[in-house]
Structures are given as C-alpha cells and as structure tokens.
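What follows is the content of input25.pdb (PDB, C-alpha atoms, pLDDT in the B column).
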ATOM      1  CA  MET A   9      78.391  90.982  86.616  1.00 63.00           C
ATOM      2  CA  THR A  10      77.804  91.229  90.345  1.00 80.00           C
ATOM      3  CA  LYS A  11      80.259  92.970  92.577  1.00 92.00           C
ATOM      4  CA  ASN A  12      83.245  91.020  93.691  1.00 95.00           C
ATOM      5  CA  TYR A  13      85.841  91.685  96.384  1.00 97.00           C
ATOM      6  CA  LEU A  14      89.302  90.412  97.292  1.00 97.00           C
ATOM      7  CA  LYS A  15      91.607  91.191 100.190  1.00 98.00           C
ATOM      8  CA  LEU A  16      95.198  89.973 100.234  1.00 98.00           C
ATOM      9  CA  GLN A  17      97.749  90.427 102.972  1.00 98.00           C
ATOM     10  CA  PHE A  18     101.347  89.343 102.726  1.00 98.00           C
ATOM     11  CA  TYR A  19     104.857  90.170 103.890  1.00 97.00           C
ATOM     12  CA  SER A  20     106.782  92.844 101.999  1.00 96.00           C
ATOM     13  CA  LEU A  21     109.224  90.305 100.588  1.00 94.00           C
ATOM     14  CA  PRO A  22     110.384  90.805  96.991  1.00 91.00           C
ATOM     15  CA  CYS A  23     109.509  87.163  96.288  1.00 92.00           C
ATOM     16  CA  ASN A  24     105.821  88.013  96.865  1.00 95.00           C
ATOM     17  CA  GLN A  25     105.676  90.510  93.995  1.00 94.00           C
ATOM     18  CA  ALA A  26     104.884  87.995  91.285  1.00 96.00           C
ATOM     19  CA  PHE A  27     102.302  86.349  93.543  1.00 95.00           C
ATOM     20  CA  ALA A  28     100.596  89.698  94.229  1.00 97.00           C
ATOM     21  CA  ARG A  29     100.274  90.796  90.592  1.00 97.00           C
ATOM     22  CA  ASP A  30      99.243  87.300  89.452  1.00 97.00           C
ATOM     23  CA  ALA A  31      96.578  87.089  92.185  1.00 98.00           C
ATOM     24  CA  VAL A  32      95.071  90.438  91.120  1.00 98.00           C
ATOM     25  CA  ALA A  33      95.195  89.322  87.478  1.00 97.00           C
ATOM     26  CA  ALA A  34      93.424  86.074  88.382  1.00 97.00           C
ATOM     27  CA  PHE A  35      90.768  88.033  90.303  1.00 97.00           C
ATOM     28  CA  CYS A  36      89.922  90.142  87.250  1.00 93.00           C
ATOM     29  CA  VAL A  37      89.800  87.278  84.740  1.00 92.00           C
ATOM     30  CA  PRO A  38      85.979  86.901  85.135  1.00 91.00           C
ATOM     31  CA  LEU A  39      85.699  90.471  83.787  1.00 92.00           C
ATOM     32  CA  ASN A  40      87.200  89.233  80.514  1.00 92.00           C
ATOM     33  CA  PRO A  41      89.949  91.817  80.209  1.00 94.00           C
ATOM     34  CA  SER A  42      91.980  92.032  77.015  1.00 94.00           C
ATOM     35  CA  LEU A  43      95.584  90.836  77.205  1.00 93.00           C
ATOM     36  CA  SER A  44      96.764  94.415  77.068  1.00 94.00           C
ATOM     37  CA  GLU A  45      94.433  95.471  79.926  1.00 96.00           C
ATOM     38  CA  LEU A  46      95.577  92.518  82.012  1.00 96.00           C
ATOM     39  CA  SER A  47      99.185  93.404  81.375  1.00 96.00           C
ATOM     40  CA  ASP A  48      98.580  97.063  82.377  1.00 97.00           C
ATOM     41  CA  ILE A  49      96.967  95.945  85.649  1.00 97.00           C
ATOM     42  CA  LYS A  50      99.801  93.540  86.476  1.00 97.00           C
ATOM     43  CA  THR A  51     102.434  96.170  85.796  1.00 97.00           C
ATOM     44  CA  ALA A  52     100.671  98.840  87.898  1.00 98.00           C
ATOM     45  CA  VAL A  53     100.216  96.426  90.822  1.00 98.00           C
ATOM     46  CA  SER A  54     103.853  95.391  90.573  1.00 97.00           C
ATOM     47  CA  GLU A  55     104.922  99.063  90.775  1.00 97.00           C
ATOM     48  CA  ALA A  56     102.772  99.735  93.839  1.00 97.00           C
ATOM     49  CA  VAL A  57     103.976  96.599  95.635  1.00 97.00           C
ATOM     50  CA  THR A  58     107.614  97.346  94.774  1.00 95.00           C
ATOM     51  CA  ASN A  59     107.196 100.807  96.329  1.00 95.00           C
ATOM     52  CA  CYS A  60     105.989  99.191  99.569  1.00 96.00           C
ATOM     53  CA  THR A  61     108.972  96.829  99.689  1.00 94.00           C
ATOM     54  CA  VAL A  62     111.650  99.285  98.625  1.00 92.00           C
ATOM     55  CA  HIS A  63     110.436 102.605 100.019  1.00 93.00           C
ATOM     56  CA  ALA A  64     107.722 102.138 102.653  1.00 95.00           C
ATOM     57  CA  TYR A  65     109.478  99.375 104.583  1.00 96.00           C
ATOM     58  CA  ARG A  66     113.024  99.893 103.219  1.00 92.00           C
ATOM     59  CA  GLY A  67     113.837  96.208 103.277  1.00 81.00           C
ATOM     60  CA  ASN A  68     112.318  95.645 106.734  1.00 92.00           C
ATOM     61  CA  LEU A  69     109.489  93.211 107.084  1.00 95.00           C
ATOM     62  CA  GLY A  70     106.035  94.797 106.919  1.00 97.00           C
ATOM     63  CA  ILE A  71     102.531  93.865 105.847  1.00 98.00           C
ATOM     64  CA  ILE A  72     101.210  94.839 102.426  1.00 98.00           C
ATOM     65  CA  THR A  73      97.446  94.799 101.935  1.00 98.00           C
ATOM     66  CA  ILE A  74      95.789  94.729  98.536  1.00 98.00           C
ATOM     67  CA  GLU A  75      92.055  95.214  98.212  1.00 98.00           C
ATOM     68  CA  CYS A  76      90.282  94.763  94.888  1.00 98.00           C
ATOM     69  CA  GLU A  77      86.697  95.456  94.038  1.00 97.00           C
ATOM     70  CA  SER A  78      85.107  94.826  90.696  1.00 95.00           C
ATOM     71  CA  ASP A  79      81.786  96.120  89.439  1.00 90.00           C
ATOM     72  CA  GLU A  80      80.421  95.871  85.903  1.00 83.00           C
ATOM     73  CA  ARG A  81      83.467  96.834  83.821  1.00 89.00           C
ATOM     74  CA  SER A  82      85.709  98.464  86.423  1.00 95.00           C
ATOM     75  CA  LEU A  83      88.412  97.149  88.691  1.00 97.00           C
ATOM     76  CA  HIS A  84      89.298  99.226  91.752  1.00 98.00           C
ATOM     77  CA  ILE A  85      92.566  98.418  93.499  1.00 98.00           C
ATOM     78  CA  LYS A  86      93.934  99.693  96.812  1.00 98.00           C
ATOM     79  CA  VAL A  87      97.536  98.959  97.816  1.00 98.00           C
ATOM     80  CA  ILE A  88      98.113  99.764 101.475  1.00 98.00           C
ATOM     81  CA  ASP A  89     101.219  99.827 103.648  1.00 98.00           C
ATOM     82  CA  THR A  90     101.925 101.056 107.162  1.00 98.00           C
ATOM     83  CA  GLY A  91     105.492 102.082 106.419  1.00 97.00           C
ATOM     84  CA  ARG A  92     107.365 105.362 106.544  1.00 96.00           C
ATOM     85  CA  GLY A  93     105.028 107.405 104.333  1.00 96.00           C
ATOM     86  CA  ILE A  94     105.874 109.838 101.551  1.00 94.00           C
ATOM     87  CA  GLU A  95     107.348 113.210 102.444  1.00 91.00           C
ATOM     88  CA  ASP A  96     106.228 115.100  99.352  1.00 91.00           C
ATOM     89  CA  ILE A  97     103.678 113.352  97.136  1.00 92.00           C
ATOM     90  CA  ASN A  98     103.841 115.981  94.364  1.00 92.00           C
ATOM     91  CA  LYS A  99     107.560 115.381  94.063  1.00 91.00           C
ATOM     92  CA  ALA A 100     107.261 111.598  94.361  1.00 92.00           C
ATOM     93  CA  VAL A 101     104.896 111.321  91.394  1.00 90.00           C
ATOM     94  CA  GLN A 102     107.161 113.313  89.061  1.00 90.00           C
ATOM     95  CA  PRO A 103     108.693 111.147  86.309  1.00 89.00           C
ATOM     96  CA  PHE A 104     112.260 110.060  87.069  1.00 86.00           C
ATOM     97  CA  PHE A 105     112.112 111.284  90.683  1.00 88.00           C
ATOM     98  CA  THR A 106     113.709 108.807  93.057  1.00 88.00           C
ATOM     99  CA  THR A 107     114.938 108.979  96.622  1.00 86.00           C
ATOM    100  CA  LEU A 108     117.388 106.137  95.890  1.00 83.00           C
ATOM    101  CA  PRO A 109     119.347 107.336  92.837  1.00 75.00           C
ATOM    102  CA  GLY A 110     122.395 105.122  93.398  1.00 75.00           C
ATOM    103  CA  ASP A 111     120.300 102.002  93.274  1.00 78.00           C
ATOM    104  CA  GLU A 112     119.411 101.721  89.573  1.00 84.00           C
ATOM    105  CA  ARG A 113     115.906 102.996  90.401  1.00 85.00           C
ATOM    106  CA  SER A 114     114.152 104.539  87.437  1.00 86.00           C
ATOM    107  CA  GLY A 115     111.795 106.815  89.374  1.00 89.00           C
ATOM    108  CA  MET A 116     109.041 105.805  86.943  1.00 92.00           C
ATOM    109  CA  GLY A 117     106.816 103.719  89.235  1.00 93.00           C
ATOM    110  CA  PHE A 118     104.081 106.294  89.863  1.00 95.00           C
ATOM    111  CA  THR A 119     104.228 107.513  86.247  1.00 95.00           C
ATOM    112  CA  ILE A 120     103.582 103.958  85.053  1.00 96.00           C
ATOM    113  CA  MET A 121     100.686 103.510  87.498  1.00 97.00           C
ATOM    114  CA  GLN A 122      99.176 106.782  86.230  1.00 96.00           C
ATOM    115  CA  THR A 123      99.729 105.978  82.570  1.00 96.00           C
ATOM    116  CA  PHE A 124      98.572 102.356  82.659  1.00 97.00           C
ATOM    117  CA  MET A 125      95.462 102.866  84.816  1.00 97.00           C
ATOM    118  CA  ASP A 126      92.418 105.113  84.239  1.00 97.00           C
ATOM    119  CA  ASP A 127      92.296 106.620  87.694  1.00 97.00           C
ATOM    120  CA  PHE A 128      95.086 107.034  90.201  1.00 97.00           C
ATOM    121  CA  LYS A 129      95.388 108.674  93.603  1.00 97.00           C
ATOM    122  CA  VAL A 130      97.864 108.403  96.434  1.00 97.00           C
ATOM    123  CA  ASN A 131      97.344 109.341 100.089  1.00 97.00           C
ATOM    124  CA  SER A 132     100.188 109.231 102.551  1.00 96.00           C
ATOM    125  CA  ILE A 133     100.888 110.253 106.124  1.00 96.00           C
ATOM    126  CA  LYS A 134     104.501 110.473 107.166  1.00 95.00           C
ATOM    127  CA  GLY A 135     105.331 107.795 109.694  1.00 95.00           C
ATOM    128  CA  GLU A 136     101.971 106.061 109.249  1.00 96.00           C
ATOM    129  CA  GLY A 137     101.829 104.724 105.735  1.00 97.00           C
ATOM    130  CA  THR A 138     100.542 105.078 102.204  1.00 97.00           C
ATOM    131  CA  VAL A 139      97.482 104.068 100.238  1.00 98.00           C
ATOM    132  CA  VAL A 140      97.521 103.928  96.438  1.00 98.00           C
ATOM    133  CA  TYR A 141      94.114 103.878  94.722  1.00 98.00           C
ATOM    134  CA  MET A 142      93.900 102.763  91.110  1.00 98.00           C
ATOM    135  CA  THR A 143      91.006 102.028  88.780  1.00 98.00           C
ATOM    136  CA  LYS A 144      91.020 100.307  85.425  1.00 97.00           C
ATOM    137  CA  ASN A 145      87.929 100.661  83.253  1.00 96.00           C
ATOM    138  CA  LEU A 146      87.746  97.631  81.020  1.00 94.00           C
ATOM    139  CA  LYS A 147      86.460  97.933  77.494  1.00 88.00           C
ATOM    140  CA  VAL A 148      83.032  96.572  76.689  1.00 78.00           C
ATOM    141  CA  GLU A 149      83.227  92.890  75.916  1.00 65.00           C
ATOM    142  CA  THR A 150      82.821  91.897  72.318  1.00 59.00           C
ATOM    143  CA  GLU A 151      81.901  88.403  71.320  1.00 51.00           C
ATOM    144  CA  ASN A 152      84.857  86.187  70.466  1.00 48.00           C
ATOM    145  CA  ALA A 153      87.236  89.062  71.160  1.00 45.00           C
TER     146      ALA A 153
ATOM    147  CA  MET B   6     114.951  85.127  85.413  1.00 95.00           C
ATOM    148  CA  GLN B   7     117.407  83.337  83.172  1.00 97.00           C
ATOM    149  CA  VAL B   8     120.243  85.130  81.397  1.00 97.00           C
ATOM    150  CA  LEU B   9     121.464  83.444  78.202  1.00 98.00           C
ATOM    151  CA  THR B  10     124.669  84.835  76.772  1.00 97.00           C
ATOM    152  CA  ARG B  11     126.374  84.324  73.442  1.00 97.00           C
ATOM    153  CA  LYS B  12     129.282  86.033  71.758  1.00 96.00           C
ATOM    154  CA  THR B  13     129.165  86.382  67.978  1.00 95.00           C
ATOM    155  CA  GLY B  14     132.144  88.202  66.532  1.00 91.00           C
ATOM    156  CA  GLY B  15     132.293  91.508  68.356  1.00 94.00           C
ATOM    157  CA  VAL B  16     128.678  91.346  69.501  1.00 97.00           C
ATOM    158  CA  LEU B  17     127.566  90.261  72.963  1.00 97.00           C
ATOM    159  CA  GLN B  18     124.077  88.782  72.791  1.00 98.00           C
ATOM    160  CA  ILE B  19     122.201  88.735  76.087  1.00 98.00           C
ATOM    161  CA  LYS B  20     118.811  87.082  76.121  1.00 98.00           C
ATOM    162  CA  LEU B  21     116.625  87.577  79.190  1.00 98.00           C
ATOM    163  CA  VAL B  22     114.076  84.843  79.870  1.00 98.00           C
ATOM    164  CA  GLY B  23     111.274  85.147  82.436  1.00 97.00           C
ATOM    165  CA  GLU B  24     109.868  87.957  84.580  1.00 96.00           C
ATOM    166  CA  MET B  25     111.830  91.136  85.338  1.00 96.00           C
ATOM    167  CA  ASP B  26     110.987  92.726  88.677  1.00 95.00           C
ATOM    168  CA  GLU B  27     112.580  93.830  91.934  1.00 92.00           C
ATOM    169  CA  TYR B  28     113.001  90.196  92.955  1.00 93.00           C
ATOM    170  CA  SER B  29     114.616  88.881  89.796  1.00 95.00           C
ATOM    171  CA  ALA B  30     116.698  91.911  88.761  1.00 95.00           C
ATOM    172  CA  PRO B  31     119.731  91.641  91.104  1.00 94.00           C
ATOM    173  CA  SER B  32     120.954  88.248  89.866  1.00 96.00           C
ATOM    174  CA  ALA B  33     120.244  89.133  86.209  1.00 97.00           C
ATOM    175  CA  ARG B  34     122.182  92.370  86.703  1.00 96.00           C
ATOM    176  CA  ALA B  35     125.183  90.516  88.157  1.00 96.00           C
ATOM    177  CA  GLU B  36     125.221  87.920  85.373  1.00 97.00           C
ATOM    178  CA  CYS B  37     125.008  90.520  82.601  1.00 97.00           C
ATOM    179  CA  ASP B  38     127.775  92.618  84.097  1.00 96.00           C
ATOM    180  CA  ARG B  39     129.996  89.598  84.536  1.00 97.00           C
ATOM    181  CA  PHE B  40     129.532  88.760  80.845  1.00 97.00           C
ATOM    182  CA  ILE B  41     130.152  92.357  79.695  1.00 96.00           C
ATOM    183  CA  LEU B  42     133.224  92.816  81.902  1.00 96.00           C
ATOM    184  CA  SER B  43     134.816  89.550  80.787  1.00 96.00           C
ATOM    185  CA  ASN B  44     134.426  90.565  77.126  1.00 96.00           C
ATOM    186  CA  THR B  45     135.513  94.190  77.061  1.00 93.00           C
ATOM    187  CA  ALA B  46     137.054  93.833  73.595  1.00 94.00           C
ATOM    188  CA  ALA B  47     133.528  93.496  72.146  1.00 96.00           C
ATOM    189  CA  LYS B  48     132.006  96.362  70.196  1.00 96.00           C
ATOM    190  CA  LYS B  49     128.353  95.972  70.915  1.00 97.00           C
ATOM    191  CA  VAL B  50     125.802  94.589  73.393  1.00 98.00           C
ATOM    192  CA  VAL B  51     122.347  93.463  72.243  1.00 98.00           C
ATOM    193  CA  ILE B  52     119.754  92.706  74.922  1.00 98.00           C
ATOM    194  CA  ASP B  53     117.085  90.409  73.543  1.00 98.00           C
ATOM    195  CA  LEU B  54     113.762  90.898  75.346  1.00 97.00           C
ATOM    196  CA  SER B  55     111.652  88.506  73.262  1.00 97.00           C
ATOM    197  CA  GLU B  56     111.329  85.998  76.108  1.00 97.00           C
ATOM    198  CA  VAL B  57     110.577  88.526  78.847  1.00 97.00           C
ATOM    199  CA  ALA B  58     107.041  87.631  79.902  1.00 95.00           C
ATOM    200  CA  PHE B  59     106.716  90.517  82.353  1.00 96.00           C
ATOM    201  CA  MET B  60     108.589  93.744  83.008  1.00 96.00           C
ATOM    202  CA  ASP B  61     107.874  96.655  85.332  1.00 96.00           C
ATOM    203  CA  SER B  62     109.940  99.821  85.833  1.00 94.00           C
ATOM    204  CA  THR B  63     112.710  97.699  87.330  1.00 95.00           C
ATOM    205  CA  GLY B  64     113.514  96.943  83.673  1.00 95.00           C
ATOM    206  CA  ILE B  65     114.106 100.638  82.971  1.00 95.00           C
ATOM    207  CA  GLY B  66     116.665 100.908  85.763  1.00 94.00           C
ATOM    208  CA  PHE B  67     118.177  97.609  84.660  1.00 96.00           C
ATOM    209  CA  LEU B  68     118.663  98.759  81.050  1.00 96.00           C
ATOM    210  CA  ILE B  69     120.060 102.165  82.049  1.00 95.00           C
ATOM    211  CA  GLY B  70     122.529 100.381  84.345  1.00 95.00           C
ATOM    212  CA  ARG B  71     123.685  98.100  81.518  1.00 96.00           C
ATOM    213  CA  TYR B  72     123.864 101.101  79.166  1.00 96.00           C
ATOM    214  CA  LYS B  73     126.281 102.751  81.596  1.00 95.00           C
ATOM    215  CA  LYS B  74     128.305  99.564  81.949  1.00 95.00           C
ATOM    216  CA  ALA B  75     128.541  99.027  78.175  1.00 96.00           C
ATOM    217  CA  THR B  76     129.363 102.608  77.220  1.00 96.00           C
ATOM    218  CA  ALA B  77     131.956 102.902  80.023  1.00 96.00           C
ATOM    219  CA  ASN B  78     133.700  99.975  78.301  1.00 95.00           C
ATOM    220  CA  GLY B  79     133.496 101.493  74.824  1.00 96.00           C
ATOM    221  CA  MET B  80     130.551  99.380  73.600  1.00 97.00           C
ATOM    222  CA  SER B  81     127.283 100.447  72.051  1.00 97.00           C
ATOM    223  CA  ILE B  82     124.061  98.872  73.316  1.00 97.00           C
ATOM    224  CA  SER B  83     120.633  98.165  71.889  1.00 98.00           C
ATOM    225  CA  VAL B  84     117.530  96.163  72.748  1.00 98.00           C
ATOM    226  CA  ALA B  85     115.854  93.656  70.470  1.00 98.00           C
ATOM    227  CA  ARG B  86     112.344  92.250  70.120  1.00 97.00           C
ATOM    228  CA  PRO B  87     110.521  93.531  73.217  1.00 96.00           C
ATOM    229  CA  ASN B  88     106.984  92.139  73.502  1.00 93.00           C
ATOM    230  CA  PHE B  89     104.098  94.624  73.878  1.00 91.00           C
ATOM    231  CA  THR B  90     104.304  94.624  77.699  1.00 89.00           C
ATOM    232  CA  ALA B  91     107.987  95.513  77.863  1.00 94.00           C
ATOM    233  CA  ASP B  92     107.626  97.840  74.884  1.00 96.00           C
ATOM    234  CA  LYS B  93     104.941  99.899  76.634  1.00 95.00           C
ATOM    235  CA  VAL B  94     107.010 100.303  79.820  1.00 96.00           C
ATOM    236  CA  LEU B  95     110.133 101.246  77.860  1.00 96.00           C
ATOM    237  CA  SER B  96     108.254 103.658  75.583  1.00 95.00           C
ATOM    238  CA  VAL B  97     106.654 105.512  78.525  1.00 92.00           C
ATOM    239  CA  ALA B  98     110.126 106.110  79.923  1.00 91.00           C
ATOM    240  CA  GLY B  99     111.490 107.223  76.523  1.00 92.00           C
ATOM    241  CA  ILE B 100     114.232 104.638  76.872  1.00 94.00           C
ATOM    242  CA  TYR B 101     114.643 104.143  73.109  1.00 96.00           C
ATOM    243  CA  SER B 102     116.183 107.600  72.708  1.00 94.00           C
ATOM    244  CA  LEU B 103     119.052 106.326  74.853  1.00 94.00           C
ATOM    245  CA  ILE B 104     119.098 102.636  73.937  1.00 96.00           C
ATOM    246  CA  PRO B 105     117.815 102.073  70.401  1.00 96.00           C
ATOM    247  CA  LYS B 106     115.546  99.207  69.427  1.00 95.00           C
ATOM    248  CA  GLU B 107     117.050  96.998  66.724  1.00 90.00           C
TER     249      GLU B 107
END

As a first step, turn the structure in this file into structure tokens.
Amino acid sequence: MTKNYLKLQFYSLPCNQAFARDAVAAFCVPLNPSLSELSDIKTAVSEAVTNCTVHAYRGNLGIITIECESDERSLHIKVIDTGRGIEDINKAVQPFFTTLPGDERSGMGFTIMQTFMDDFKVNSIKGEGTVVYMTKNLKVETENA
Amino acid sequence: MQVLTRKTGGVLQIKLVGEMDEYSAPSARAECDRFILSNTAAKKVVIDLSEVAFMDSTGIGFLIGRYKKATANGMSISVARPNFTADKVLSVAGIYSLIPKE
C-alpha cells in the first residue's frame, strides 16, 4: 500500500460532523479496516470535530481542518482548529471533565479518543488553537476476513 | 435521528433510530422529554438503541440527561439492545452502573 493523503476543510457547523467522520472512514476503506476499527475511527473523529464546534469556536463559525495520512497499516489523523485553545490540557483530558457542565456534556471526548485510537496527542496554544493527533494501527489483513 | 415512542402498560418505550451526535441530539432530547413528561404516571423508561447506527460521547450526556428526567419523575430507566459501537462508548463511560442494560 503506497502512502495516501487527504486534507479536508469545512465550517464548524454541527451538520458537518457526519460528513467529516464519513469522509475519513471512506478514506481508510482501501486499508481494509475491520468494522470495529472503522467504527473506532469514526467515533474518535466525531469527538475531535465536536470539540472544535462546541469548545474551540463556541458556536461561532470557524474552519476545521482534518488531515489524514495512511501508510502500510496505519492511519494518522490531525484535527486542527484556530479557536480559543485549551487552558489546561492535563485537566481537559481527564475523564468526565467538562467546562460546560450544565449542557449535558459527558466530558468523555478525549477519553474516547485515547481509548479508541492507538496513539493520541493534543497540542494547544491559548487564543491560537488546538491540534489533535491520533493514530490507528490496523490489524494485518487476513484473507476473506 | 428519529424518536419512536410507545407506551405499554406502565412502560415508556423509546426507540432511537439513526446517528446520535452533537447535531442530532437536541431534537431527540426534546422529543424524549416531551414523551416522558406527558406520561409521568409511568413506572419505567426503556431506551432501545438497536437502530442507532452511530453514537459518540453525545450519547453519554443524552442518556444521563434522560436518567435525571426519568428518576426526577419517579421512573426507573434502562437501555436495551445497543449495537457494538454504542456499547463500546457506553462501557468506556461506565454508564451501565447508572443505567442498566436490559
């Protein structure tokens, strides 16, 4: 499998969430992921994109960029915003931590990204934006799997 | 997301159909609450997840919100038939210790 690359840019509208996760899923189909791997990737992307809409841009219109790179059996995903940034990353990644408790937010977004993907990192600068890096290592293909 | 509701005896059956995310949750939330609040004599709410094709952590917040709504009105609440996608999200959050799976 040769390397492949995708860059997506779209407005931070909630209606683009399904499009974003489905586009990333479609990009990784040539890697023959299992249904469970595909579902993990879609969920993690959905969490990252939701964070951009809800937290980074707080309902204002902004641009979300997703970059995907695939090589052999790995999918590397970057989700980038230029929103408000995260004050305290260590706190933000704690399970059940949310800055919007009255809003039926679970505070589980980062925990799900970490649990569902094989590698996860987040960089953020206050007032400038956030980049979430995630990697999924896909299992070796088996014939007729 | 579609919300199908049915009342059987003292049980409120709520079946969610489609994808649960930040975009689809608000209207599903409003429909569920309307159904619960117009049937407060019921004893139990069952949320059927068998037709939920996708769910992210929005689903966790959604279920906790309905748990609060149901228990505040004297009803118990459970979830039924989550597929593996929803099941994984709900298990990671330990949601079944609060809202049992039927």

So for stretch 116-131 of chain A, what box centre and size do we get, axis-aligned, 6 Å extra on each of the six sides, every listed atom, Å to one decimal, as lines of an AutoDock Vina configuration file?
center_x = 100.7
center_y = 105.8
center_z = 91.3
size_x = 28.7
size_y = 19.0
size_z = 29.5

Close residues, stretch 59-70 of chain A itself excluded, 12 Å, all atoms listed in the file, min 5 positions apart in chain, as JSON, numbers by chain: {"A": [17, 18, 19, 20, 21, 22, 23, 24, 25, 52, 53, 54, 87, 88, 89, 90, 91, 92, 93, 94, 95, 100, 101, 106, 107, 108, 111, 113, 114, 115, 116, 117, 118, 121, 132, 133, 134, 135, 136, 137, 138, 139, 140], "B": [26, 27, 28, 61, 62, 63]}

Residue hits in chain B, query chain A, radius 10 Å, only C-alpha atoms, as a VMD selection string: chain B and resid 24 to 29 58 to 71 89 to 91 93 to 94 97 to 98

Shell around B:Leu42 at 9 Å using all atoms listed in the file, local window under 4 positions removed, as a ChimeraX atom specification: /B:37-38,74-75,78

Write out as a JSON list (two decimals) with C-alpha atoms, in the frame of the given file which residues come within 7 Å of B:Gln18 when counting only C-alpha atoms, dropping same-chain ones fewer than 5 positions away.
[["chain", "number", "residue", "atom", "x", "y", "z"],
["B", 10, "THR", "CA", 124.67, 84.84, 76.77],
["B", 11, "ARG", "CA", 126.37, 84.32, 73.44],
["B", 12, "LYS", "CA", 129.28, 86.03, 71.76],
["B", 50, "VAL", "CA", 125.80, 94.59, 73.39],
["B", 51, "VAL", "CA", 122.35, 93.46, 72.24],
["B", 52, "ILE", "CA", 119.75, 92.71, 74.92]]

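Interatomic distance, atom CA of A:Leu83 against atom CA of A:Asn145: 6.5 Å.
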
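Taking all atoms listed in the file into account, those protein, DNA and RNA residues with any atom at most 10 Å away from (93.3, 100.2, 98.0) amount to Lys15, Thr73, Ile74, Glu75, Cys76, Glu77, His84, Ile85, Lys86, Val87, Ile88, Asp89, Lys129, Val130, Thr138, Val139, Val140, Tyr141, Met142 and Thr143 of chain A.
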